[in-house]
Amino acid sequence: MKRRDNMNKKRHQSDVMWLYGKHAVKAALQNPQREVLRFVVSENNLDFAEECHVRGVKTEIADKNFFAMTFGRDATHQGCAVQVKKLPEVFIEDVIEDENDTRPIVFLDKVTDPQNVGSIMRAAAVFGARAIVVAEDNSPELTASAAKTASGAAEIVPLIRVTNLVHTIKNLKKSGFWCIGLDERGDKAINEVSLDGKFIFVIGSEGSGMRRLTRETCDYLVQLPCYDKFSTLNAAQAATVTLYEILRQQRSK
């Protein structure tokens, strides 16, 4: 595989961002790779600040107007926030270096809702996926709201951007990975497929699913078993069920 095949990706607007919510804030403060610039809490969160403050960054106390003006009145900030620099960029080559690592890699094809991405990151952290991979074009930024939904998982599971999903999948297949596509028209249910080995797991958008070329690149397509004929799940829910099944099978062996 050509090293750093997404080095030509466009630069994002800023390397600095805010994270809010207790789980996201605490995880960022405890992540040695995360550079923290500011740590802000409301006055009634001083106990939380004392509990998680391990980085030597001065604690700033702010009133509710600061949080409302910075994040919007509807943001569930829980009275705490950190201003941080974005994590060092991770490339697909970095997460496949260990030949004995059988944790799945999750590819998102046209999943553009940041909340869904945050939820999938959380499931990936719980069930042990190596990384989330998205296409550089038409993929969501990891916003403060998405990081809040991820509940700290953004510090654990890297979000990797590549120039071309299909090209990256094909290269990984040459390196010994099998590619599973989640599709309600799949020939088998996920629990009927042996998931022993190194896998890529692809999930598409809720409306149109995977793009044709992505679907054709998969080694096989699977569906989720469902009761009767009701099978409506969003991308995050479907990813959670699939990642659980992969972990269940691998641990049973």
# chains A, B, ... in the order shown; residues from 1 in each chain; ligands from 1
$ select_by_dssp --residues "stretch 13-173 of chain A" --states "alpha helix (DSSP H)" --output "PyMOL selection string"
chain A and resi 22-30+46-52+64-71+92-95+114-127+144-150+165-173
$ closest_atom_pairs --of "stretch 48-110 of chain A" --to "stretch 231-239 of chain A" --cutoff "12 Å" --atoms "only C-alpha atoms" --output "tab-separated table"
residue	atom	partner	partner_atom	distance
A:Pro104	CA	A:Ala239	CA	11.5
A:Ile105	CA	A:Ala239	CA	11.4
A:Val106	CA	A:Ala239	CA	8.5
A:Phe107	CA	A:Ala239	CA	10.2
A:Leu108	CA	A:Ala235	CA	9.0
A:Asp109	CA	A:Ala235	CA	10.3
A:Lys110	CA	A:Ala235	CA	10.4
$ write_last_selection --atoms "N, CA and C atoms" --output "compact mmCIF listing (two decimals), in the first residue's frame"
# COMPACT_ATOMS: atom_id res chain seq x y z
N PRO A 104 -12.05 -4.87 13.86
CA PRO A 104 -12.55 -4.37 12.58
C PRO A 104 -12.24 -2.90 12.38
N ILE A 105 -12.24 -2.48 11.12
CA ILE A 105 -12.13 -1.07 10.74
C ILE A 105 -13.46 -0.68 10.10
N VAL A 106 -14.06 0.39 10.57
CA VAL A 106 -15.38 0.81 10.12
C VAL A 106 -15.25 1.87 9.03
N PHE A 107 -15.84 1.61 7.87
CA PHE A 107 -15.88 2.58 6.78
C PHE A 107 -17.30 3.15 6.69
N LEU A 108 -17.40 4.46 6.60
CA LEU A 108 -18.69 5.13 6.46
C LEU A 108 -18.79 5.72 5.07
N ASP A 109 -19.80 5.27 4.32
CA ASP A 109 -19.99 5.72 2.94
C ASP A 109 -21.22 6.61 2.87
N LYS A 110 -21.00 7.91 2.75
CA LYS A 110 -22.08 8.91 2.67
C LYS A 110 -22.84 9.09 3.98
$ closest_residue --among "A:Glu99, A:Glu136, A:Ser145, A:Leu46" --to "A:Phe71" --atoms "only C-alpha atoms"
A:Ser145
$ closest_atom_pairs --of "stretch 102-185 of chain A" --to "stretch 83-88 of chain A" --cutoff "10 Å" --atoms "only C-alpha atoms" --output "Markdown table"
| residue | atom | partner | partner_atom | distance |
| --- | --- | --- | --- | --- |
| A:Leu142 | CA | A:Lys86 | CA | 9.7 |
| A:Ala154 | CA | A:Leu87 | CA | 9.4 |
| A:Glu155 | CA | A:Leu87 | CA | 8.3 |
| A:Pro158 | CA | A:Leu87 | CA | 8.9 |
| A:Leu159 | CA | A:Leu87 | CA | 10.0 |
$ closest_residue --among "A:Thr240, A:Lys253, A:Thr76, A:Leu182" --to "A:Gly128" --atoms "only C-alpha atoms"
A:Thr240
$ residues_around --residues "A:Trp18" --least-positions-apart "3" --cutoff "12 Å" --atoms "only C-alpha atoms" --output "PyMOL selection string"
chain A and resi 14-15+21+24-25+28+35-40+67+70-71+77+80-86+142-148
